[in-house]
>>> print(open('upload-v1.txt').read())   # compact mmCIF, C-alpha atoms
# COMPACT_ATOMS: atom_id res chain seq x y z
CA MET A 1 124.60 -57.30 -6.08
CA LYS A 2 123.90 -53.85 -4.68
CA PHE A 3 120.61 -52.66 -3.31
CA LYS A 4 119.34 -49.52 -1.66
CA GLN A 5 116.28 -49.45 0.58
CA SER A 6 114.07 -46.36 0.72
CA LYS A 7 112.29 -45.03 3.76
CA GLU A 8 108.78 -46.22 4.40
CA LYS A 9 106.17 -44.22 2.50
CA GLU A 10 102.44 -44.99 2.47
CA ARG A 11 103.19 -48.34 4.12
CA GLN A 12 105.48 -49.33 1.25
CA ILE A 13 109.23 -49.66 0.96
CA THR A 14 111.06 -49.51 -2.39
CA ILE A 15 114.32 -51.37 -2.87
CA ASP A 16 116.48 -50.48 -5.89
CA VAL A 17 118.55 -53.48 -6.98
CA ASP A 18 121.62 -53.35 -9.28
CA LEU A 19 123.17 -56.61 -10.51
CA ASP A 20 126.69 -56.92 -11.88
CA GLU A 21 128.04 -59.51 -14.30
CA SER A 22 129.05 -61.93 -11.54
CA ASP A 23 125.39 -62.02 -10.40
CA ILE A 24 124.20 -62.69 -13.94
CA ASP A 25 126.79 -65.29 -15.11
CA PRO A 26 125.13 -68.37 -13.53
CA TYR A 27 121.87 -67.58 -15.31
CA TYR A 28 123.19 -67.75 -18.88
CA LYS A 29 123.08 -71.52 -18.53
CA VAL A 30 119.46 -71.27 -17.34
CA GLY A 31 118.56 -69.05 -20.30
CA TYR A 32 120.36 -71.31 -22.74
CA LYS A 33 118.41 -74.39 -21.59
CA LYS A 34 115.12 -72.56 -22.19
CA LEU A 35 116.07 -71.00 -25.53
CA VAL A 36 117.62 -74.12 -27.08
CA LYS A 37 114.29 -75.94 -26.71
CA LYS A 38 112.47 -73.21 -28.67
CA VAL A 39 114.71 -72.77 -31.69
CA THR A 40 115.67 -74.96 -34.65
CA ILE A 41 119.36 -75.08 -35.65
CA PRO A 42 120.31 -76.86 -38.92
CA GLY A 43 122.48 -79.93 -38.25
CA PHE A 44 121.27 -80.37 -34.66
CA ARG A 45 118.29 -82.08 -33.12
CA LYS A 46 115.94 -79.68 -31.36
CA GLY A 47 117.30 -78.89 -27.89
CA LYS A 48 120.76 -80.34 -28.66
CA ALA A 49 122.65 -77.36 -30.18
CA PRO A 50 125.65 -76.39 -27.98
CA TYR A 51 125.79 -73.14 -26.06
CA ARG A 52 128.36 -71.46 -28.35
CA ILE A 53 126.15 -72.05 -31.42
CA ILE A 54 123.09 -70.58 -29.68
CA GLU A 55 125.12 -67.60 -28.47
CA SER A 56 126.63 -66.95 -31.92
CA GLN A 57 123.25 -67.02 -33.66
CA TYR A 58 121.01 -65.33 -31.06
CA GLY A 59 123.39 -63.35 -28.85
CA LYS A 60 123.88 -63.23 -25.10
CA GLU A 61 120.99 -60.80 -24.62
CA SER A 62 118.49 -63.29 -26.05
CA ILE A 63 119.82 -65.96 -23.70
CA LEU A 64 119.63 -63.55 -20.78
CA SER A 65 116.07 -62.58 -21.75
CA GLU A 66 114.99 -66.21 -21.27
CA ALA A 67 116.41 -66.19 -17.74
CA ILE A 68 115.31 -62.73 -16.60
CA ASP A 69 112.26 -63.98 -14.66
CA ASP A 70 114.44 -66.49 -12.77
CA ILE A 71 117.01 -63.79 -12.03
CA ILE A 72 114.48 -61.33 -10.67
CA SER A 73 112.59 -63.95 -8.67
CA GLU A 74 115.66 -65.37 -6.95
CA LYS A 75 117.45 -62.07 -6.39
CA THR A 76 114.24 -60.52 -4.99
CA ALA A 77 114.03 -63.35 -2.46
CA GLU A 78 117.66 -62.70 -1.46
CA VAL A 79 117.06 -58.97 -1.10
CA ILE A 80 113.94 -59.45 1.02
CA LYS A 81 115.80 -61.91 3.27
CA GLU A 82 118.77 -59.60 3.73
CA SER A 83 116.51 -56.62 4.37
CA GLU A 84 114.60 -58.58 7.02
CA LEU A 85 111.35 -57.05 5.82
CA GLU A 86 107.99 -58.65 6.60
CA PHE A 87 105.85 -58.03 3.55
CA TYR A 88 102.05 -58.19 3.77
CA MET A 89 101.57 -59.53 0.27
CA THR A 90 103.71 -60.39 -2.77
CA PRO A 91 106.00 -57.45 -3.66
CA LYS A 92 105.66 -55.66 -6.97
CA ILE A 93 108.65 -55.87 -9.33
CA GLU A 94 109.54 -53.25 -11.94
CA LEU A 95 112.41 -53.91 -14.35
CA THR A 96 114.15 -50.55 -14.91
CA SER A 97 117.12 -51.71 -17.02
CA PHE A 98 117.82 -54.92 -18.94
CA ASN A 99 121.55 -54.42 -19.54
CA PRO A 100 122.86 -53.96 -16.92
CA VAL A 101 120.03 -55.61 -14.99
CA LYS A 102 118.36 -53.19 -12.59
CA PHE A 103 114.95 -53.48 -10.98
CA LYS A 104 112.77 -52.11 -8.20
CA VAL A 105 111.14 -54.20 -5.51
CA ILE A 106 108.13 -52.44 -4.00
CA VAL A 107 107.31 -54.11 -0.71
CA PRO A 108 103.82 -53.61 0.77
CA LEU A 109 103.85 -53.62 4.57
CA GLU A 110 100.93 -54.54 6.79
CA PRO A 111 98.24 -51.80 6.75
CA LYS A 112 98.34 -49.57 9.79
CA VAL A 113 95.13 -48.60 11.61
CA GLU A 114 94.67 -46.20 14.50
CA ILE A 115 91.07 -46.60 15.66
CA GLY A 116 89.21 -43.38 16.41
CA ASP A 117 87.20 -42.62 19.53
CA LEU A 118 83.97 -44.66 19.48
CA GLN A 119 82.40 -42.24 21.94
CA LYS A 120 82.42 -39.54 19.27
CA ILE A 121 80.11 -41.56 17.04
CA LYS A 122 76.57 -40.23 17.17
CA LEU A 123 73.89 -42.12 15.26
CA GLU A 124 70.54 -40.74 14.19
CA LYS A 125 67.56 -42.84 15.20
CA ILE A 126 65.88 -44.70 12.35
CA SER A 127 62.17 -43.93 12.30
CA PRO A 128 59.98 -47.05 12.28
CA PRO A 129 57.63 -47.53 9.32
CA ASN A 130 53.85 -47.63 9.54
CA PHE A 131 53.51 -51.30 10.49
CA ASP A 132 49.73 -51.37 9.91
CA THR A 133 50.26 -50.26 6.31
CA LEU A 134 52.93 -52.93 5.75
CA ILE A 135 50.67 -55.60 7.27
CA ASP A 136 47.80 -54.53 4.97
CA GLU A 137 50.12 -54.65 1.94
CA GLN A 138 51.31 -58.16 2.79
CA ILE A 139 47.75 -59.42 3.32
CA ASN A 140 46.73 -57.78 0.06
CA ASN A 141 49.56 -59.60 -1.75
CA MET A 142 48.46 -62.89 -0.18
CA GLN A 143 44.90 -62.20 -1.32
CA LYS A 144 46.14 -61.64 -4.89
CA GLN A 145 48.03 -64.95 -4.83
CA PHE A 146 44.80 -66.82 -4.05
CA THR A 147 42.63 -64.81 -6.44
CA THR A 148 40.73 -66.85 -9.05
CA TRP A 149 39.45 -65.71 -12.45
CA THR A 150 35.95 -66.16 -13.77
CA PRO A 151 34.75 -65.44 -17.35
CA LYS A 152 32.60 -62.38 -18.01
CA GLU A 153 30.77 -61.11 -21.07
CA THR A 154 30.46 -57.47 -20.01
CA LYS A 155 32.90 -54.65 -20.74
CA SER A 156 36.45 -55.06 -19.47
CA LYS A 157 37.72 -52.82 -16.69
CA GLU A 158 40.99 -52.26 -14.86
CA GLY A 159 42.14 -55.39 -13.04
CA ASP A 160 40.50 -57.80 -15.50
CA LEU A 161 42.45 -60.50 -17.34
CA VAL A 162 41.96 -60.30 -21.09
CA ASN A 163 42.98 -62.74 -23.81
CA ILE A 164 43.82 -60.92 -27.05
CA ASP A 165 45.23 -61.36 -30.54
CA ILE A 166 47.60 -58.48 -31.30
CA GLN A 167 49.32 -57.45 -34.51
CA ILE A 168 51.70 -54.49 -34.89
CA ASN A 169 53.00 -52.98 -38.12
CA ILE A 170 55.68 -50.31 -38.34
CA ASP A 171 56.06 -48.59 -41.70
CA LYS A 172 53.72 -51.24 -43.16
CA LYS A 173 56.08 -54.00 -41.97
CA GLU A 174 54.80 -56.58 -39.49
CA VAL A 175 56.92 -56.60 -36.31
CA LEU A 176 54.61 -58.52 -33.98
CA ASN A 177 51.82 -61.05 -34.42
CA GLN A 178 50.73 -62.92 -31.29
CA GLN A 179 47.64 -65.02 -30.71
CA ASN A 180 45.90 -65.67 -27.37
CA THR A 181 48.13 -63.35 -25.38
CA GLU A 182 46.93 -62.78 -21.82
CA ILE A 183 47.36 -59.45 -20.11
CA VAL A 184 46.07 -58.01 -16.84
CA LEU A 185 44.62 -54.54 -17.36
CA ASP A 186 46.90 -52.76 -14.94
CA GLU A 187 49.04 -49.63 -15.34
CA GLN A 188 52.13 -51.68 -14.48
CA ASN A 189 51.57 -53.65 -17.70
CA ASP A 190 51.38 -50.50 -19.82
CA GLU A 191 55.14 -50.10 -20.27
CA PHE A 192 55.36 -51.81 -23.68
CA ALA A 193 53.22 -49.19 -25.43
CA PRO A 194 51.87 -46.50 -23.08
CA GLY A 195 48.13 -46.14 -23.67
CA LEU A 196 47.51 -49.74 -24.75
CA ILE A 197 45.71 -50.66 -21.52
CA LYS A 198 43.32 -47.71 -21.86
CA LYS A 199 42.54 -48.77 -25.43
CA ILE A 200 41.52 -52.24 -24.21
CA VAL A 201 39.53 -51.12 -21.16
CA GLY A 202 35.82 -50.95 -22.02
CA LYS A 203 35.94 -53.62 -24.74
CA LYS A 204 33.76 -56.76 -24.80
CA PRO A 205 34.62 -60.28 -25.99
CA GLU A 206 34.87 -60.47 -29.82
CA ASP A 207 35.45 -56.67 -30.06
CA SER A 208 38.22 -55.51 -32.40
CA ASP A 209 40.00 -52.19 -32.68
CA SER A 210 42.73 -50.48 -34.71
CA PHE A 211 44.81 -47.57 -33.44
CA LYS A 212 48.25 -45.97 -33.46
CA LEU A 213 50.56 -45.97 -30.45
CA LYS A 214 54.22 -45.27 -29.85
CA ILE A 215 56.25 -48.13 -28.43
CA SER A 216 58.21 -47.32 -25.27
CA LYS A 217 61.66 -45.71 -25.55
CA SER A 218 62.99 -48.30 -23.10
CA HIS A 219 62.07 -51.29 -25.29
CA PRO A 220 65.19 -53.49 -25.68
CA SER A 221 64.78 -53.78 -29.47
CA LYS A 222 66.21 -50.82 -31.38
CA ASP A 223 63.86 -51.67 -34.26
CA LEU A 224 60.84 -51.09 -31.99
CA ALA A 225 61.92 -48.58 -29.34
CA ASP A 226 60.21 -45.17 -29.65
CA LYS A 227 58.60 -46.15 -32.99
CA LYS A 228 54.96 -45.41 -33.82
CA GLY A 229 53.09 -48.55 -34.80
CA ASP A 230 49.73 -49.52 -36.27
CA PHE A 231 48.00 -51.79 -33.74
CA GLU A 232 45.23 -54.26 -34.45
CA VAL A 233 43.70 -55.91 -31.37
CA LYS A 234 40.95 -58.51 -31.06
CA ILE A 235 39.43 -59.40 -27.66
CA ASN A 236 39.03 -63.17 -27.36
CA SER A 237 37.84 -63.41 -23.77
CA ILE A 238 37.67 -61.51 -20.49
CA LYS A 239 37.99 -62.79 -16.93
CA GLN A 240 37.36 -60.87 -13.75
CA PRO A 241 39.26 -61.42 -10.49
CA VAL A 242 37.47 -63.06 -7.58
CA ALA A 243 39.45 -62.41 -4.43
CA PRO A 244 38.90 -64.59 -1.33
CA LYS A 245 37.22 -62.93 1.63
CA LEU A 246 39.47 -61.91 4.49
CA ASN A 247 38.12 -64.19 7.18
CA GLY A 248 39.07 -67.26 9.17
CA GLU A 249 38.93 -69.46 6.08
CA PHE A 250 41.43 -67.20 4.36
CA ALA A 251 43.75 -67.35 7.40
CA LYS A 252 43.61 -71.16 7.33
CA MET A 253 44.21 -71.25 3.57
CA VAL A 254 47.38 -69.12 3.60
CA SER A 255 48.84 -70.88 6.66
CA ASN A 256 48.07 -74.51 5.84
CA ASP A 257 45.49 -74.62 8.66
CA GLU A 258 48.00 -73.43 11.28
CA ILE A 259 46.19 -70.11 11.87
CA LYS A 260 42.44 -69.94 12.53
CA THR A 261 41.64 -66.20 12.64
CA MET A 262 42.58 -63.00 10.80
CA ALA A 263 43.61 -61.40 14.09
CA THR A 264 46.16 -64.16 14.68
CA LEU A 265 47.35 -63.89 11.06
CA ARG A 266 47.86 -60.14 11.40
CA LYS A 267 49.79 -60.67 14.65
CA LYS A 268 52.11 -63.21 13.02
CA ILE A 269 52.74 -60.93 10.06
CA GLU A 270 53.37 -58.02 12.43
CA THR A 271 55.97 -60.05 14.36
CA SER A 272 57.73 -61.02 11.13
CA ILE A 273 57.74 -57.45 9.79
CA LYS A 274 59.08 -56.04 13.05
CA GLU A 275 61.84 -58.67 13.18
CA THR A 276 62.85 -57.74 9.62
CA HIS A 277 62.75 -54.04 10.49
CA ASN A 278 64.97 -54.60 13.54
CA GLN A 279 67.48 -56.60 11.49
CA GLN A 280 67.56 -53.95 8.77
CA SER A 281 67.90 -51.19 11.36
CA GLU A 282 70.79 -52.97 13.06
CA ALA A 283 72.53 -53.41 9.69
CA GLU A 284 72.01 -49.73 8.86
CA TYR A 285 73.24 -48.57 12.29
CA THR A 286 76.29 -50.81 11.89
CA ASN A 287 77.09 -49.49 8.40
CA ASN A 288 76.67 -45.90 9.60
CA SER A 289 78.91 -46.48 12.60
CA ILE A 290 81.62 -48.06 10.42
CA THR A 291 81.44 -45.11 8.01
CA LYS A 292 81.75 -42.61 10.86
CA LEU A 293 84.57 -44.56 12.52
CA ILE A 294 86.53 -44.62 9.25
CA GLU A 295 86.33 -40.81 9.26
CA LEU A 296 87.58 -40.70 12.87
CA SER A 297 90.37 -43.25 12.33
CA LYS A 298 93.74 -43.11 10.61
CA ILE A 299 94.01 -45.94 8.09
CA GLU A 300 97.14 -46.42 5.95
CA ILE A 301 96.90 -49.01 3.19
CA PRO A 302 99.76 -49.66 0.72
CA PRO A 303 98.77 -48.36 -2.75
CA ILE A 304 99.78 -51.74 -4.21
CA ILE A 305 96.92 -53.42 -2.35
CA VAL A 306 94.43 -50.88 -3.67
CA GLU A 307 95.86 -51.24 -7.18
CA ARG A 308 95.64 -55.03 -7.19
CA GLU A 309 92.13 -55.12 -5.73
CA THR A 310 90.98 -52.61 -8.34
CA GLU A 311 92.58 -54.61 -11.16
CA SER A 312 90.89 -57.76 -9.85
CA GLU A 313 87.46 -56.08 -9.90
CA MET A 314 88.07 -54.78 -13.43
CA GLN A 315 89.09 -58.28 -14.52
CA ASN A 316 85.90 -59.72 -13.03
CA LEU A 317 83.91 -57.16 -15.01
CA GLU A 318 85.80 -58.03 -18.19
CA ASN A 319 85.15 -61.74 -17.64
CA LEU A 320 81.46 -60.94 -17.23
CA SER A 321 81.42 -59.04 -20.52
CA LYS A 322 83.01 -62.05 -22.27
CA GLN A 323 80.15 -64.24 -21.07
CA PHE A 324 77.89 -62.00 -23.16
CA LYS A 325 80.38 -62.18 -26.05
CA MET A 326 81.11 -58.46 -25.82
CA SER A 327 84.15 -56.31 -25.23
CA LEU A 328 84.23 -54.49 -21.91
CA GLU A 329 83.46 -51.18 -23.64
CA GLU A 330 80.48 -52.69 -25.48
CA TYR A 331 79.14 -54.21 -22.27
CA LEU A 332 79.44 -50.92 -20.39
CA ASN A 333 77.84 -48.92 -23.21
CA LYS A 334 74.89 -51.31 -23.29
CA ASN A 335 74.41 -50.60 -19.57
CA ASN A 336 74.72 -46.83 -20.07
CA GLN A 337 78.20 -46.69 -18.50
CA ASN A 338 81.63 -45.69 -19.73
CA LEU A 339 85.09 -47.05 -18.96
CA GLU A 340 86.49 -43.96 -17.26
CA ASP A 341 83.57 -43.53 -14.84
CA THR A 342 83.50 -47.28 -14.15
CA LYS A 343 87.20 -47.32 -13.22
CA LYS A 344 86.69 -44.33 -10.94
CA SER A 345 83.67 -45.93 -9.27
CA ILE A 346 85.48 -49.26 -8.76
CA LEU A 347 88.48 -47.46 -7.26
CA GLU A 348 86.26 -45.58 -4.80
CA ASP A 349 84.40 -48.76 -3.85
CA THR A 350 87.68 -50.65 -3.43
CA ILE A 351 89.14 -48.03 -1.09
CA LEU A 352 85.95 -48.03 0.98
CA LYS A 353 85.89 -51.84 1.14
CA LEU A 354 89.55 -52.03 2.19
CA ASN A 355 89.11 -49.32 4.81
CA ARG A 356 86.16 -51.21 6.28
CA THR A 357 88.00 -54.53 6.21
CA PHE A 358 91.21 -53.39 7.89
CA LEU A 359 89.32 -51.28 10.42
CA LEU A 360 87.20 -54.27 11.48
CA LEU A 361 90.24 -56.55 11.62
CA GLU A 362 92.02 -54.03 13.85
CA ILE A 363 88.96 -53.93 16.14
CA CYS A 364 89.30 -57.72 16.50
CA LYS A 365 93.01 -57.42 17.22
CA THR A 366 92.62 -54.60 19.75
CA ASN A 367 89.75 -56.27 21.61
CA ASN A 368 90.99 -59.87 21.40
CA ILE A 369 87.98 -60.94 19.34
CA GLU A 370 88.49 -64.43 17.94
CA PRO A 371 86.05 -66.96 16.46
CA SER A 372 85.84 -70.32 18.20
CA GLU A 373 87.05 -73.54 16.59
CA GLN A 374 83.45 -74.72 16.37
CA GLU A 375 82.39 -71.54 14.54
CA ILE A 376 85.30 -71.89 12.11
CA SER A 377 84.47 -75.56 11.51
CA GLU A 378 80.77 -74.85 10.89
CA THR A 379 81.50 -71.95 8.53
CA SER A 380 84.12 -74.00 6.65
CA GLN A 381 81.56 -76.74 6.12
CA LEU A 382 79.03 -74.20 4.88
CA LEU A 383 81.51 -72.73 2.37
CA GLN A 384 82.48 -76.23 1.25
CA ASN A 385 78.82 -77.08 0.64
CA GLN A 386 78.53 -73.91 -1.44
CA LYS A 387 81.50 -75.14 -3.52
CA MET A 388 83.30 -71.84 -3.05
CA THR A 389 86.27 -71.38 -5.42
CA ASN A 390 89.51 -69.37 -5.36
CA SER A 391 90.77 -66.88 -7.95
CA LYS A 392 91.90 -69.76 -10.19
CA GLY A 393 88.43 -71.31 -10.17
CA ASP A 394 89.49 -74.30 -8.06
CA ASN A 395 87.56 -75.45 -5.00
CA LEU A 396 89.05 -74.04 -1.82
CA SER A 397 91.54 -76.30 -0.04
CA LYS A 398 91.11 -77.16 3.64
CA ASP A 399 93.55 -74.40 4.65
CA GLU A 400 91.87 -71.88 2.32
CA LEU A 401 88.44 -72.75 3.72
CA ARG A 402 89.70 -72.21 7.26
CA ALA A 403 91.35 -68.88 6.39
CA GLU A 404 88.24 -67.62 4.58
CA SER A 405 85.98 -68.75 7.43
CA GLU A 406 88.13 -67.09 10.07
CA TYR A 407 88.25 -63.89 8.02
CA ARG A 408 84.47 -63.73 7.56
CA LEU A 409 83.77 -64.50 11.21
CA LYS A 410 86.14 -61.78 12.38
CA LEU A 411 84.42 -59.17 10.21
CA GLU A 412 81.04 -60.33 11.47
CA LYS A 413 82.07 -60.29 15.14
CA ALA A 414 83.80 -56.91 14.84
CA SER A 415 80.67 -55.44 13.22
CA LYS A 416 78.52 -56.80 16.04
CA TYR A 417 80.94 -55.44 18.67
CA LEU A 418 80.87 -52.01 17.03
CA TYR A 419 77.06 -52.02 16.96
CA GLU A 420 76.90 -52.94 20.65
CA GLN A 421 79.29 -50.10 21.52
CA THR A 422 77.75 -47.38 19.35
CA SER A 423 74.04 -48.21 19.70
CA LYS A 424 74.26 -46.58 23.12
CA ASN A 425 74.85 -43.30 21.31
CA ILE A 426 71.69 -43.32 19.15
CA ALA A 427 70.15 -39.86 19.39
>>> encode(input="upload-v1.txt", output="structure tokens")
Amino acid sequence: MKFKQSKEKERQITIDVDLDESDIDPYYKVGYKKLVKKVTIPGFRKGKAPYRIIESQYGKESILSEAIDDIISEKTAEVIKESELEFYMTPKIELTSFNPVKFKVIVPLEPKVEIGDLQKIKLEKISPPNFDTLIDEQINNMQKQFTTWTPKETKSKEGDLVNIDIQINIDKKEVLNQQNTEIVLDEQNDEFAPGLIKKIVGKKPEDSDSFKLKISKSHPSKDLADKKGDFEVKINSIKQPVAPKLNGEFAKMVSNDEIKTMATLRKKIETSIKETHNQQSEAEYTNNSITKLIELSKIEIPPIIVERETESEMQNLENLSKQFKMSLEEYLNKNNQNLEDTKKSILEDTILKLNRTFLLLEICKTNNIEPSEQEISETSQLLQNQKMTNSKGDNLSKDELRAESEYRLKLEKASKYLYEQTSKNIA
């Protein structure tokens, strides 16, 4: 066996391997044992034909073909051992010649990261929202949740709840016939057929009306989308909203009697909103600092890692399309996407994700950031409770749970460290 090792390039090393006949000879027996079980030879029980018969009928190349995976696997292991290379993940094998047997072993090395200067990271301050407006919106939503409906006999208006019978014909063919359908007269409910809400506003119970409207272009049914239909609508009943007054009773009602006044309710909502804002701001500052640090750092990732991650994401997308009983192209077309743009987008996202991951792991390594045994144990238990699975769909083993927990905690701690260091530089 001869092999030639290339110089490192893009954190990969290529080894060209040439095997001679003495390397191959032991594997003819291996190939024979596999092939003889697959073929039927007259006069012999299956799997019992002697080697010379199999060779005479199928040839040495067919026998060798059965053993090629064993040859490459074992010879690759020998080459890696002799080369004394420490590969980061399983090497990629490319068979370049079958006879004589020649192949390439592409060995991915550990990604290399040179962290940039954190002091050069300048973050723009995130402007706080109008908290009073957000508080009012949340109280308004609460008020809607506790709104009751009372019947009315007068004309309907926006915000009322109407019960209708509706029939739609397109080209004199009935496409919809629903009885006692309830709809709130709100612009948000006007997407089905723009203008329908306005046609109903002003009607009284027992009123009927006929009119033409075009159904929305975005309707999921191709038979209905953007088609003009003949509508017939009958108003069965109308109810008007009765919202609770914003007073102490309301505060008690929405808090299970824990809060007695509106002032206290507003204060509690304000505290919650500000906590959420601070968490979101911290996450945004962290993401921005990671993005800027990637630009300032030198990150070398073997192309094989990028290739395999990209292929994995594409496979996940293909598996998703199969759940909908579609080909990948059909699934993408239905979601207004195409294969070429999707591949490009996944590749870009993969490179960004890998850059972030290896940068954060290097921050841990450089700053001796390690999760505690208790943190690893607690996270492992959490993942186990979530029944997290591996790429084969099996539940994670104890070792896999620990590795995944340690990995997640390192990314989390590195992100927090980076935020603490760069938040000092918020302009």
>>> residues_around(input="upload-v1.txt", residues="Leu196 in chain A", least_positions_apart="2", cutoff="10 Å", atoms="only C-alpha atoms", output="PDB file with C-alpha atoms, in the frame of the given file")
ATOM      1  CA  LEU A 185      44.620 -54.540 -17.360  1.00  0.00           C
ATOM      2  CA  GLU A 187      49.040 -49.630 -15.340  1.00  0.00           C
ATOM      3  CA  ASN A 189      51.570 -53.650 -17.700  1.00  0.00           C
ATOM      4  CA  ASP A 190      51.380 -50.500 -19.820  1.00  0.00           C
ATOM      5  CA  GLU A 191      55.140 -50.100 -20.270  1.00  0.00           C
ATOM      6  CA  PHE A 192      55.360 -51.810 -23.680  1.00  0.00           C
ATOM      7  CA  ALA A 193      53.220 -49.190 -25.430  1.00  0.00           C
ATOM      8  CA  PRO A 194      51.870 -46.500 -23.080  1.00  0.00           C
ATOM      9  CA  LYS A 198      43.320 -47.710 -21.860  1.00  0.00           C
ATOM     10  CA  LYS A 199      42.540 -48.770 -25.430  1.00  0.00           C
ATOM     11  CA  ILE A 200      41.520 -52.240 -24.210  1.00  0.00           C
ATOM     12  CA  VAL A 201      39.530 -51.120 -21.160  1.00  0.00           C
ATOM     13  CA  PHE A 211      44.810 -47.570 -33.440  1.00  0.00           C
ATOM     14  CA  LYS A 212      48.250 -45.970 -33.460  1.00  0.00           C
ATOM     15  CA  LEU A 213      50.560 -45.970 -30.450  1.00  0.00           C
ATOM     16  CA  LYS A 214      54.220 -45.270 -29.850  1.00  0.00           C
ATOM     17  CA  ILE A 215      56.250 -48.130 -28.430  1.00  0.00           C
ATOM     18  CA  PHE A 231      48.000 -51.790 -33.740  1.00  0.00           C
ATOM     19  CA  VAL A 233      43.700 -55.910 -31.370  1.00  0.00           C
TER      20      VAL A 233
END
>>> closest_residue(input="upload-v1.txt", among="A:Ala251, A:Leu332, A:Ala225, A:Leu352", to="Gln143 in chain A", atoms="all atoms listed in the file")
A:Ala251
>>> closest_residue(input="upload-v1.txt", among="A:Glu232, A:Glu82, A:Glu284, A:Asp209", to="Ser127 in chain A", atoms="all atoms listed in the file")
A:Glu284
>>> residues_around(input="upload-v1.txt", residues="Lys102 in chain A", least_positions_apart="6", cutoff="9 Å", atoms="all atoms listed in the file", output="PyMOL selection string")
chain A and resi 16-19+94-96
>>> axis_aligned_box(input="upload-v1.txt", around="range 58-67 of chain A", padding_each_side="3 Å", output="lines of an AutoDock Vina configuration file")
center_x = 119.4
center_y = -63.5
center_z = -24.4
size_x = 14.9
size_y = 11.4
size_z = 19.3
>>> residues_around(input="upload-v1.txt", residues="Gln167 in chain A", least_positions_apart="4", cutoff="9 Å", atoms="all atoms listed in the file", output="list of chain:residue names")
A:Glu174, A:Val175, A:Leu176, A:Asn177, A:Gln178, A:Gln179, A:Asp230, A:Phe231, A:Glu232, A:Val233
>>> residues_near_point(input="upload-v1.txt", point="(93.8, -59.6, -2.4)", cutoff="10 Å", atoms="only C-alpha atoms", output="list in words")
Met89, Thr90, Ile305, Val306, Glu307, Arg308, Glu309, Thr310, Ser312, Leu354 and Ser391 of chain A
>>> closest_residue(input="upload-v1.txt", among="A:Ile13, A:Leu246, A:Ile273, A:Ile54", to="Lys34 in chain A", atoms="all atoms listed in the file")
A:Ile54
>>> closest_residue(input="upload-v1.txt", among="A:Leu328, A:Leu317, A:Leu361, A:Leu161", to="Tyr407 in chain A", atoms="all atoms listed in the file")
A:Leu361
>>> closest_residue(input="upload-v1.txt", among="A:Ile68, A:Ile259, A:Ile235, A:Leu35", to="Phe98 in chain A", atoms="all atoms listed in the file")
A:Ile68
>>> atom_distance(input="upload-v1.txt", atom1="CA of Asp20 in chain A", atom2="CA of Val101 in chain A")
7.5 Å
